[in-house]
>>> print(open('upload01.pdb').read())   # PDB, C-alpha atoms, pLDDT in the B column
ATOM      1  CA  MET A  26      91.116 113.866  84.504  1.00 43.00           C
ATOM      2  CA  PHE A  27      88.682 115.789  86.573  1.00 40.00           C
ATOM      3  CA  ASP A  28      86.926 113.532  89.055  1.00 41.00           C
ATOM      4  CA  CYS A  29      84.750 113.579  92.174  1.00 40.00           C
ATOM      5  CA  PHE A  30      85.731 113.728  95.865  1.00 35.00           C
ATOM      6  CA  SER A  31      88.105 116.482  97.109  1.00 36.00           C
ATOM      7  CA  LYS A  32      90.142 117.690 100.143  1.00 36.00           C
ATOM      8  CA  LEU A  33      93.148 120.028  99.923  1.00 35.00           C
ATOM      9  CA  PHE A  34      96.470 120.235 101.799  1.00 35.00           C
ATOM     10  CA  ARG A  35      98.453 123.495 101.646  1.00 38.00           C
ATOM     11  CA  HIS A  36     102.190 124.011 102.044  1.00 38.00           C
ATOM     12  CA  PRO A  37     102.788 124.286 105.820  1.00 34.00           C
ATOM     13  CA  CYS A  38     105.180 127.238 105.611  1.00 37.00           C
ATOM     14  CA  ASN A  39     102.501 129.473 104.141  1.00 39.00           C
ATOM     15  CA  ARG A  40     100.059 131.139 106.513  1.00 38.00           C
ATOM     16  CA  LEU A  41      97.184 130.950 104.052  1.00 41.00           C
ATOM     17  CA  TYR A  42      97.640 127.232 103.499  1.00 40.00           C
ATOM     18  CA  SER A  43      97.966 126.392 107.207  1.00 36.00           C
ATOM     19  CA  SER A  44      94.825 128.380 107.941  1.00 38.00           C
ATOM     20  CA  SER A  45      92.904 126.332 105.391  1.00 39.00           C
ATOM     21  CA  ARG A  46      92.744 123.056 107.282  1.00 36.00           C
ATOM     22  CA  PHE A  47      88.954 123.214 107.069  1.00 35.00           C
ATOM     23  CA  LEU A  48      89.416 121.734 103.590  1.00 37.00           C
ATOM     24  CA  THR A  49      90.746 118.432 104.906  1.00 36.00           C
ATOM     25  CA  CYS A  50      87.653 116.604 103.713  1.00 36.00           C
ATOM     26  CA  VAL A  51      85.689 118.341 100.958  1.00 35.00           C
ATOM     27  CA  LEU A  52      83.392 116.134  98.939  1.00 34.00           C
ATOM     28  CA  THR A  53      82.730 117.081  95.342  1.00 37.00           C
ATOM     29  CA  ALA A  54      80.794 115.405  92.563  1.00 34.00           C
ATOM     30  CA  LEU A  55      81.829 115.208  88.927  1.00 36.00           C
ATOM     31  CA  ILE A  56      80.739 113.360  85.858  1.00 35.00           C
ATOM     32  CA  PHE A  57      83.039 113.887  82.924  1.00 37.00           C
ATOM     33  CA  LEU A  58      83.575 112.958  79.326  1.00 38.00           C
ATOM     34  CA  SER A  59      87.111 112.022  78.374  1.00 37.00           C
ATOM     35  CA  VAL A  60      87.874 111.670  74.690  1.00 37.00           C
ATOM     36  CA  SER A  61      91.422 110.853  73.578  1.00 37.00           C
ATOM     37  CA  PHE A  62      92.849 110.766  70.102  1.00 36.00           C
ATOM     38  CA  ALA A  63      96.242 109.836  68.693  1.00 37.00           C
ATOM     39  CA  ASP A  64      96.998 111.489  65.373  1.00 39.00           C
ATOM     40  CA  GLN A  65      98.917 109.372  62.840  1.00 36.00           C
ATOM     41  CA  GLY A  66      99.124 111.014  59.458  1.00 37.00           C
ATOM     42  CA  LEU A  67      95.703 110.694  57.817  1.00 36.00           C
ATOM     43  CA  GLY A  68      94.111 108.555  60.532  1.00 40.00           C
ATOM     44  CA  HIS A  69      93.704 108.084  64.275  1.00 42.00           C
ATOM     45  CA  THR A  70      94.902 105.248  66.497  1.00 43.00           C
ATOM     46  CA  LYS A  71      92.146 102.876  67.608  1.00 45.00           C
ATOM     47  CA  SER A  72      92.273 101.119  70.948  1.00 47.00           C
ATOM     48  CA  THR A  73      92.718  97.780  69.148  1.00 51.00           C
ATOM     49  CA  ALA A  74      95.472  98.998  66.806  1.00 60.00           C
ATOM     50  CA  LYS A  75      99.168  98.375  67.374  1.00 76.00           C
ATOM     51  CA  ILE A  76     100.837 101.278  69.144  1.00 76.00           C
ATOM     52  CA  PRO A  77     103.460 102.872  66.838  1.00 85.00           C
ATOM     53  CA  LYS A  78     106.981 103.366  68.159  1.00 89.00           C
ATOM     54  CA  LYS A  79     106.910 107.054  67.213  1.00 91.00           C
ATOM     55  CA  GLN A  80     103.965 109.372  66.579  1.00 93.00           C
ATOM     56  CA  TRP A  81     102.569 112.865  66.847  1.00 96.00           C
ATOM     57  CA  ALA A  82      99.747 112.545  69.346  1.00 95.00           C
ATOM     58  CA  TYR A  83      97.127 114.630  71.097  1.00 95.00           C
ATOM     59  CA  SER A  84      94.627 114.064  73.880  1.00 95.00           C
ATOM     60  CA  ASN A  85      91.593 116.251  74.538  1.00 95.00           C
ATOM     61  CA  MET A  86      89.205 116.224  77.492  1.00 90.00           C
ATOM     62  CA  LEU A  87      86.054 118.257  78.163  1.00 90.00           C
ATOM     63  CA  ALA A  88      84.836 118.292  81.782  1.00 85.00           C
ATOM     64  CA  LEU A  89      81.780 119.742  83.501  1.00 84.00           C
ATOM     65  CA  ARG A  90      82.510 120.206  87.186  1.00 79.00           C
ATOM     66  CA  TYR A  91      80.439 120.984  90.253  1.00 77.00           C
ATOM     67  CA  ASN A  92      81.887 122.261  93.551  1.00 71.00           C
ATOM     68  CA  PRO A  93      83.693 124.304  92.434  1.00 74.00           C
ATOM     69  CA  LEU A  94      81.506 125.213  89.487  1.00 75.00           C
ATOM     70  CA  GLY A  95      83.305 125.131  86.159  1.00 79.00           C
ATOM     71  CA  LEU A  96      83.520 123.906  82.579  1.00 86.00           C
ATOM     72  CA  GLN A  97      87.048 123.041  81.422  1.00 89.00           C
ATOM     73  CA  ASN A  98      88.760 121.761  78.298  1.00 94.00           C
ATOM     74  CA  GLU A  99      92.266 120.285  78.501  1.00 94.00           C
ATOM     75  CA  LEU A 100      94.524 119.602  75.498  1.00 97.00           C
ATOM     76  CA  PHE A 101      97.886 117.805  75.307  1.00 97.00           C
ATOM     77  CA  MET A 102      99.615 117.816  71.904  1.00 98.00           C
ATOM     78  CA  GLY A 103     103.139 116.758  70.951  1.00 98.00           C
ATOM     79  CA  TYR A 104     105.652 114.055  70.021  1.00 98.00           C
ATOM     80  CA  LYS A 105     105.268 110.627  71.637  1.00 96.00           C
ATOM     81  CA  GLN A 106     107.631 107.641  71.531  1.00 95.00           C
ATOM     82  CA  LYS A 107     107.756 104.164  73.070  1.00 94.00           C
ATOM     83  CA  LEU A 108     110.499 103.719  75.655  1.00 93.00           C
ATOM     84  CA  TYR A 109     111.296 100.049  75.122  1.00 92.00           C
ATOM     85  CA  ASN A 110     111.300  97.600  72.240  1.00 89.00           C
ATOM     86  CA  LYS A 111     108.835  95.343  74.025  1.00 88.00           C
ATOM     87  CA  PRO A 112     105.632  93.719  72.698  1.00 88.00           C
ATOM     88  CA  GLU A 113     102.385  95.332  73.820  1.00 85.00           C
ATOM     89  CA  SER A 114     101.482  92.097  75.572  1.00 86.00           C
ATOM     90  CA  ASN A 115     104.248  92.806  78.097  1.00 89.00           C
ATOM     91  CA  LEU A 116     102.191  93.823  81.127  1.00 87.00           C
ATOM     92  CA  LEU A 117     104.682  96.218  82.736  1.00 90.00           C
ATOM     93  CA  PHE A 118     106.711  97.633  79.831  1.00 92.00           C
ATOM     94  CA  GLY A 119     104.710  97.013  76.634  1.00 90.00           C
ATOM     95  CA  LYS A 120     103.085 100.468  76.623  1.00 90.00           C
ATOM     96  CA  SER A 121     105.828 102.525  78.280  1.00 94.00           C
ATOM     97  CA  TYR A 122     106.432 105.898  76.596  1.00 95.00           C
ATOM     98  CA  TRP A 123     107.689 109.450  76.818  1.00 96.00           C
ATOM     99  CA  TRP A 124     105.706 112.382  75.459  1.00 97.00           C
ATOM    100  CA  THR A 125     106.467 116.099  75.213  1.00 98.00           C
ATOM    101  CA  GLY A 126     104.756 119.111  73.661  1.00 98.00           C
ATOM    102  CA  LEU A 127     102.129 121.784  74.322  1.00 98.00           C
ATOM    103  CA  ILE A 128      99.481 121.814  77.036  1.00 98.00           C
ATOM    104  CA  ALA A 129      96.451 124.113  77.166  1.00 97.00           C
ATOM    105  CA  ARG A 130      93.461 124.446  79.494  1.00 94.00           C
ATOM    106  CA  ALA A 131      90.512 126.768  78.978  1.00 91.00           C
ATOM    107  CA  SER A 132      87.266 127.556  80.762  1.00 87.00           C
ATOM    108  CA  PRO A 133      84.938 130.558  81.146  1.00 83.00           C
ATOM    109  CA  GLN A 134      87.031 131.481  84.210  1.00 82.00           C
ATOM    110  CA  PHE A 135      90.627 131.172  82.923  1.00 86.00           C
ATOM    111  CA  ALA A 136      92.991 130.166  80.102  1.00 92.00           C
ATOM    112  CA  MET A 137      96.379 128.456  80.447  1.00 94.00           C
ATOM    113  CA  ALA A 138      99.048 127.471  77.905  1.00 98.00           C
ATOM    114  CA  GLY A 139     102.532 126.038  78.254  1.00 98.00           C
ATOM    115  CA  LEU A 140     104.895 123.085  77.780  1.00 98.00           C
ATOM    116  CA  PHE A 141     104.744 119.607  79.278  1.00 98.00           C
ATOM    117  CA  PHE A 142     106.777 116.411  79.554  1.00 98.00           C
ATOM    118  CA  LYS A 143     105.152 113.109  80.474  1.00 98.00           C
ATOM    119  CA  THR A 144     106.577 109.601  80.772  1.00 97.00           C
ATOM    120  CA  SER A 145     105.454 106.173  81.928  1.00 95.00           C
ATOM    121  CA  PRO A 146     108.598 104.044  82.434  1.00 95.00           C
ATOM    122  CA  ILE A 147     106.483 101.203  83.820  1.00 94.00           C
ATOM    123  CA  ALA A 148     102.742 100.555  83.587  1.00 93.00           C
ATOM    124  CA  VAL A 149     102.034 101.379  87.229  1.00 95.00           C
ATOM    125  CA  LEU A 150     103.917 104.720  87.243  1.00 97.00           C
ATOM    126  CA  GLU A 151     103.392 107.983  85.334  1.00 97.00           C
ATOM    127  CA  LEU A 152     105.510 111.132  85.787  1.00 98.00           C
ATOM    128  CA  GLN A 153     104.648 114.586  84.464  1.00 98.00           C
ATOM    129  CA  GLY A 154     106.100 118.088  84.552  1.00 98.00           C
ATOM    130  CA  ALA A 155     104.690 121.331  83.119  1.00 98.00           C
ATOM    131  CA  PHE A 156     105.478 125.048  82.883  1.00 98.00           C
ATOM    132  CA  SER A 157     102.716 127.408  81.792  1.00 97.00           C
ATOM    133  CA  ARG A 158     101.228 130.891  81.676  1.00 96.00           C
ATOM    134  CA  VAL A 159      97.804 131.404  83.241  1.00 91.00           C
ATOM    135  CA  GLN A 160      95.341 134.268  82.697  1.00 88.00           C
ATOM    136  CA  SER A 161      91.967 134.842  84.330  1.00 82.00           C
ATOM    137  CA  LEU A 162      89.048 135.579  81.985  1.00 82.00           C
ATOM    138  CA  THR A 163      86.652 136.854  84.632  1.00 76.00           C
ATOM    139  CA  THR A 164      86.670 139.747  87.070  1.00 71.00           C
ATOM    140  CA  ALA A 165      87.753 139.337  90.661  1.00 67.00           C
ATOM    141  CA  ALA A 166      84.276 140.372  91.797  1.00 70.00           C
ATOM    142  CA  ASP A 167      82.735 137.443  89.886  1.00 73.00           C
ATOM    143  CA  LEU A 168      85.149 134.789  91.163  1.00 72.00           C
ATOM    144  CA  PRO A 169      83.340 134.057  94.468  1.00 71.00           C
ATOM    145  CA  GLU A 170      80.449 132.642  92.419  1.00 72.00           C
ATOM    146  CA  TYR A 171      82.701 129.664  91.588  1.00 73.00           C
ATOM    147  CA  PHE A 172      84.269 129.154  95.030  1.00 74.00           C
ATOM    148  CA  THR A 173      83.476 126.278  97.324  1.00 77.00           C
ATOM    149  CA  ASP A 174      82.554 127.299 100.868  1.00 77.00           C
ATOM    150  CA  GLY A 175      86.017 126.281 102.032  1.00 74.00           C
ATOM    151  CA  THR A 176      87.753 128.525  99.516  1.00 75.00           C
ATOM    152  CA  GLN A 177      85.500 131.454 100.426  1.00 73.00           C
ATOM    153  CA  ALA A 178      86.396 130.892 104.069  1.00 74.00           C
ATOM    154  CA  ALA A 179      90.099 131.015 103.133  1.00 69.00           C
ATOM    155  CA  VAL A 180      89.576 134.392 101.461  1.00 69.00           C
ATOM    156  CA  ASN A 181      87.606 135.672 104.436  1.00 70.00           C
ATOM    157  CA  SER A 182      90.230 134.481 106.928  1.00 66.00           C
ATOM    158  CA  THR A 183      93.141 136.329 105.315  1.00 64.00           C
ATOM    159  CA  VAL A 184      94.415 139.464 107.039  1.00 59.00           C
ATOM    160  CA  ASN A 185      94.470 141.212 103.662  1.00 61.00           C
ATOM    161  CA  ASN A 186      91.423 143.466 103.444  1.00 60.00           C
ATOM    162  CA  ARG A 187      92.092 143.950  99.736  1.00 62.00           C
ATOM    163  CA  ALA A 188      91.001 140.343  99.158  1.00 60.00           C
ATOM    164  CA  ASP A 189      87.651 141.062 100.823  1.00 58.00           C
ATOM    165  CA  ALA A 190      87.259 143.887  98.322  1.00 55.00           C
ATOM    166  CA  GLY A 191      87.782 141.476  95.423  1.00 55.00           C
ATOM    167  CA  HIS A 192      91.434 142.355  94.842  1.00 62.00           C
ATOM    168  CA  ILE A 193      92.542 138.958  93.559  1.00 69.00           C
ATOM    169  CA  ILE A 194      95.520 138.463  91.237  1.00 70.00           C
ATOM    170  CA  THR A 195      94.475 137.194  87.819  1.00 73.00           C
ATOM    171  CA  LYS A 196      97.644 136.278  85.904  1.00 85.00           C
ATOM    172  CA  GLY A 197     101.108 134.784  86.206  1.00 89.00           C
ATOM    173  CA  TRP A 198     103.309 131.710  85.716  1.00 94.00           C
ATOM    174  CA  GLN A 199     103.000 128.284  87.248  1.00 94.00           C
ATOM    175  CA  SER A 200     105.038 125.076  87.182  1.00 97.00           C
ATOM    176  CA  SER A 201     104.160 121.605  88.389  1.00 96.00           C
ATOM    177  CA  LEU A 202     105.601 118.151  89.056  1.00 98.00           C
ATOM    178  CA  GLN A 203     103.328 115.132  89.312  1.00 98.00           C
ATOM    179  CA  ALA A 204     103.805 111.429  90.111  1.00 98.00           C
ATOM    180  CA  ARG A 205     100.982 108.905  89.704  1.00 97.00           C
ATOM    181  CA  LEU A 206     100.733 105.249  90.746  1.00 97.00           C
ATOM    182  CA  GLN A 207      97.980 103.334  88.957  1.00 94.00           C
ATOM    183  CA  ALA A 208      96.548  99.856  88.415  1.00 93.00           C
ATOM    184  CA  LYS A 209      93.613  98.404  86.469  1.00 90.00           C
ATOM    185  CA  VAL A 210      91.757  95.100  86.730  1.00 90.00           C
ATOM    186  CA  GLY A 211      89.035  94.577  84.145  1.00 88.00           C
ATOM    187  CA  SER A 212      86.895  97.732  84.011  1.00 90.00           C
ATOM    188  CA  ILE A 213      87.975  98.965  87.464  1.00 94.00           C
ATOM    189  CA  ALA A 214      90.990 101.252  87.846  1.00 93.00           C
ATOM    190  CA  ILE A 215      92.564 102.827  90.915  1.00 96.00           C
ATOM    191  CA  ARG A 216      95.253 105.503  91.005  1.00 95.00           C
ATOM    192  CA  THR A 217      96.898 107.873  93.458  1.00 97.00           C
ATOM    193  CA  THR A 218      98.459 111.153  92.315  1.00 96.00           C
ATOM    194  CA  ASN A 219     100.911 113.449  94.115  1.00 97.00           C
ATOM    195  CA  LEU A 220     101.047 116.972  92.688  1.00 96.00           C
ATOM    196  CA  PHE A 221     103.408 119.830  93.547  1.00 96.00           C
ATOM    197  CA  ARG A 222     102.503 123.169  91.920  1.00 94.00           C
ATOM    198  CA  TYR A 223     104.490 126.390  92.283  1.00 94.00           C
ATOM    199  CA  PHE A 224     102.964 129.802  91.510  1.00 90.00           C
ATOM    200  CA  ASP A 225     104.918 132.899  90.442  1.00 90.00           C
ATOM    201  CA  LEU A 226     102.219 135.494  89.886  1.00 85.00           C
ATOM    202  CA  GLU A 227     102.084 139.126  88.841  1.00 79.00           C
ATOM    203  CA  GLY A 228     100.299 141.858  90.739  1.00 69.00           C
ATOM    204  CA  ASP A 229      99.055 145.153  89.389  1.00 64.00           C
ATOM    205  CA  GLU A 230     100.430 148.514  90.518  1.00 60.00           C
ATOM    206  CA  GLY A 231     100.426 148.660  94.289  1.00 62.00           C
ATOM    207  CA  ALA A 232      99.996 144.907  94.683  1.00 65.00           C
ATOM    208  CA  LEU A 233     100.882 143.373  98.030  1.00 66.00           C
ATOM    209  CA  GLN A 234     102.669 140.101  98.734  1.00 63.00           C
ATOM    210  CA  SER A 235      99.491 138.931 100.474  1.00 65.00           C
ATOM    211  CA  ASP A 236      97.278 139.545  97.433  1.00 71.00           C
ATOM    212  CA  LEU A 237      95.596 136.396  96.163  1.00 74.00           C
ATOM    213  CA  PHE A 238      95.204 134.298  93.028  1.00 77.00           C
ATOM    214  CA  TYR A 239      92.374 131.776  92.577  1.00 77.00           C
ATOM    215  CA  ASP A 240      93.224 128.474  90.846  1.00 80.00           C
ATOM    216  CA  GLN A 241      89.938 126.992  89.648  1.00 77.00           C
ATOM    217  CA  THR A 242      91.401 123.568  88.823  1.00 80.00           C
ATOM    218  CA  LEU A 243      92.605 123.014  92.399  1.00 81.00           C
ATOM    219  CA  ASP A 244      89.950 125.308  93.948  1.00 79.00           C
ATOM    220  CA  LEU A 245      92.333 127.290  96.115  1.00 77.00           C
ATOM    221  CA  VAL A 246      93.602 130.793  96.669  1.00 78.00           C
ATOM    222  CA  THR A 247      97.349 131.369  96.811  1.00 78.00           C
ATOM    223  CA  PRO A 248      99.689 134.359  97.348  1.00 77.00           C
ATOM    224  CA  LEU A 249     101.877 135.735  94.568  1.00 78.00           C
ATOM    225  CA  GLN A 250     104.618 133.182  95.224  1.00 84.00           C
ATOM    226  CA  GLY A 251     103.847 129.879  96.871  1.00 85.00           C
ATOM    227  CA  MET A 252     103.755 126.097  96.554  1.00 90.00           C
ATOM    228  CA  VAL A 253     100.770 123.777  96.811  1.00 91.00           C
ATOM    229  CA  TYR A 254     100.841 120.025  97.468  1.00 93.00           C
ATOM    230  CA  GLN A 255      97.823 117.888  96.663  1.00 92.00           C
ATOM    231  CA  ASN A 256      97.223 114.134  96.836  1.00 94.00           C
ATOM    232  CA  ASP A 257      94.321 112.517  94.957  1.00 93.00           C
ATOM    233  CA  THR A 258      93.100 108.928  95.116  1.00 96.00           C
ATOM    234  CA  ASP A 259      90.701 107.905  92.339  1.00 94.00           C
ATOM    235  CA  LEU A 260      88.454 104.886  91.859  1.00 96.00           C
ATOM    236  CA  LEU A 261      87.280 104.703  88.228  1.00 93.00           C
ATOM    237  CA  TYR A 262      85.006 102.607  86.054  1.00 93.00           C
ATOM    238  CA  THR A 263      86.046 102.599  82.399  1.00 87.00           C
ATOM    239  CA  LYS A 264      85.831 100.523  79.234  1.00 80.00           C
ATOM    240  CA  SER A 265      88.260 100.868  76.319  1.00 73.00           C
ATOM    241  CA  SER A 266      85.371 100.649  73.827  1.00 74.00           C
ATOM    242  CA  GLN A 267      83.599 103.690  75.347  1.00 73.00           C
ATOM    243  CA  SER A 268      84.440 107.362  75.878  1.00 71.00           C
ATOM    244  CA  TRP A 269      82.635 107.668  79.209  1.00 79.00           C
ATOM    245  CA  VAL A 270      84.547 107.270  82.461  1.00 81.00           C
ATOM    246  CA  PHE A 271      82.809 107.411  85.851  1.00 87.00           C
ATOM    247  CA  GLY A 272      84.655 107.666  89.125  1.00 88.00           C
ATOM    248  CA  GLY A 273      85.179 109.093  92.566  1.00 89.00           C
ATOM    249  CA  ARG A 274      88.070 111.069  94.053  1.00 87.00           C
ATOM    250  CA  TYR A 275      89.300 111.538  97.607  1.00 90.00           C
ATOM    251  CA  THR A 276      91.820 114.366  98.061  1.00 84.00           C
TER     252      THR A 276
END
>>> encode(input="upload01.pdb", output="structure tokens")
Amino acid sequence: MFDCFSKLFRHPCNRLYSSSRFLTCVLTALIFLSVSFADQGLGHTKSTAKIPKKQWAYSNMLALRYNPLGLQNELFMGYKQKLYNKPESNLLFGKSYWWTGLIARASPQFAMAGLFFKTSPIAVLELQGAFSRVQSLTTAADLPEYFTDGTQAAVNSTVNNRADAGHIITKGWQSSLQARLQAKVGSIAIRTTNLFRYFDLEGDEGALQSDLFYDQTLDLVTPLQGMVYQNDTDLLYTKSSQSWVFGGRYT
């Protein structure tokens, strides 16, 4: 999900990341609509229906985001299966699963498509990995319109004058590993997510190792090859009978 309060930590071995400590406490606001579906033949799974042991499933989310500015749609689609032969009433293992398939994100700024694997071996833990291709849909000159002040400062602080001229890499590959701890009591949920994302990006002719790529989801600029670590803690209000989820995030 895309949520509210943000602060970024960069990989310490990278000069750009270590120079971006000004982002240690960035507050953002976000209200989002999260709509999930599970496809089962001719119908869709309802929240009150029994979870099938095996199914083809998809989840779609549309999010309007401020700071950084952006509209994003995220789609997961693939094969999903329960991990254990436990009743759903089992608090820790009743809804455990593994799920693999295609992932896609799209916005006016970029498009991304790839493969994912997700599993929840126990109710309080969710693990996810993904490998994808990303492509910018806007020009480098237009990108600063979407930056937060902290990201713009990161661009301005780089020794690469080409970045000041708008020379920002716009395509490449990325992979990620994510671990999430979560708990829910009534309508209140809390979760903490640790994300590692590695970028392997392509430059145009004459590109330099210090050229930059802007990731709108994380709101950061990164060199052609580099790793980013981010930790998010979310406090959410949600009801299973409604599609709206409201929450705050500290990163």
>>> residues_near_point(input="upload01.pdb", point="(103.2, 104.9, 88.0)", cutoff="10 Å", atoms="only C-alpha atoms", output="NGL selection string")
:A and (144-152 or 204-208 or 216-218)
>>> closest_residue(input="upload01.pdb", among="A:Leu94, A:Ile194, A:Ala178, A:Leu87", to="Asp225 of chain A", atoms="only C-alpha atoms")
A:Ile194
>>> atom_distance(input="upload01.pdb", atom1="atom CA of Leu202 of chain A", atom2="atom CA of Phe142 of chain A")
9.7 Å
>>> resolve_selection(input="upload01.pdb", expression="the PyMOL selection byres ((chain A and resi 111) around 12)", output="list in words")
Ile76, Pro77, Lys78, Lys107, Leu108, Tyr109, Asn110, Pro112, Glu113, Ser114, Asn115, Leu116, Leu117, Phe118, Gly119, Lys120, Ser121, Tyr122 and Ile147 of chain A
>>> atom_distance(input="upload01.pdb", atom1="atom CA of Thr263 of chain A", atom2="atom CA of Asn85 of chain A")
16.7 Å
>>> atom_distance(input="upload01.pdb", atom1="atom CA of Asp257 of chain A", atom2="atom CA of Arg158 of chain A")
23.7 Å
>>> axis_aligned_box(input="upload01.pdb", around="segment 128-139 of chain A", padding_each_side="4 Å", output="JSON")
{"center_x": 93.7, "center_y": 126.6, "center_z": 80.6, "size_x": 25.6, "size_y": 17.7, "size_z": 15.2}
>>> closest_residue(input="upload01.pdb", among="A:Met102, A:Ala155, A:Ala88, A:Leu261", to="Gly211 of chain A", atoms="only C-alpha atoms")
A:Leu261
>>> resolve_selection(input="upload01.pdb", expression="the PyMOL selection byres ((chain A and resi 247) around 9)", output="PyMOL selection string")
chain A and resi 41-42+224+235-240+245-246+248-253
